[in-house]
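Heads up: the structure comes next, in structure tokens.
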Amino acid sequence: AHDTFKLKKLKETINLIFCIFLIFQKINTAGTSNADVPLADPGMYQLDITLRRGQSLAARDRGGTSDPYVKFKIGGKEVFRSKIIHKNLNPVWEEKACILVEHLREPLYIKVFDYDFGLQDDFMGSAFLDLTQLELNRPTDVTLTLKDPHYPDHYLGIILLSVILTPKEGEHRDVVRNRTLMLRKCYQK
């Protein structure tokens, strides 16, 4: 049990170092022009997300279960990936992510996959969250119905999130242009 705790702490430390590396990489490549910033946009936003759980997810494995995990994407870039919950159609993640967002017009895409060792992971459904519909500084519980664009009538379950969108001050705008950064707080409960 002590080794498992040490391994978990090591993994969290590595993820934190990687996030810091990504931030510095973005800072060093960021432009300094304000030309591409819309005048009406007040600046950066911080989106705090708690991935709570899934309910009645689609079975993708032979035994009638799945090994689901969730990806969050903004602007086509992956900004978060959850841990895998094995053999469970009603997984509980309780994982937190903190994402800096520059443009609220880009929705948060949520995609759920069934992990398959050594094979391509199976798509289990997707949904999106329109960030322009969130009230600033207000914690909001969100229930998203998963869909498959190829089979829109199929019920694929739901994903439950808690979110809060907070405006950030100008110093973030000066550092990042047209990019989304990820600060990931892994496995916090």
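Letters A, B, ... go to the chains of the structure tokens in the order shown; residues in each chain start at 1; ligands are counted from 1 in the same order.
Residues lying within 10 Å of A:Leu134, counting only C-alpha atoms and ignoring same-chain neighbours fewer than 2 positions away, are Leu104, Leu129, Asp130, Leu131, Thr132, Leu136, Asn137, Arg138, Pro139, Thr140, Val163, Ile164, Leu165 and Thr166 of chain A.
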To one decimal in Å, tell me the separation between atom CA of A:Thr145 and atom CA of A:Phe117.
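Distance reported for this atom pair: 26.5 Å.
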At a cut-off of 10 Å, using only C-alpha atoms, what residues contact A:Asp121? Leave out same-chain residues fewer than 3 positions from it and give the result as a list in words.
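Everything that qualifies: Arg60, Asp67, Pro68, Tyr69, Val112, Phe113, Asp114, Tyr115, Asp116, Phe117, Gly118 and Met124 of chain A.
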To test your reading of the structure, identify every residue in stretch 25-156 of chain A that backbone DSSP assigns to strand (DSSP E), and report it as a PyMOL selection string.
chain A and resi 45-55+68-74+77-81+92-101+108-114+122-129+140-145
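Proximity of A:Lys96, A:Lys168, A:Arg105, A:Lys87 to A:Gly63, computed with only C-alpha atoms, is greatest for A:Lys87.
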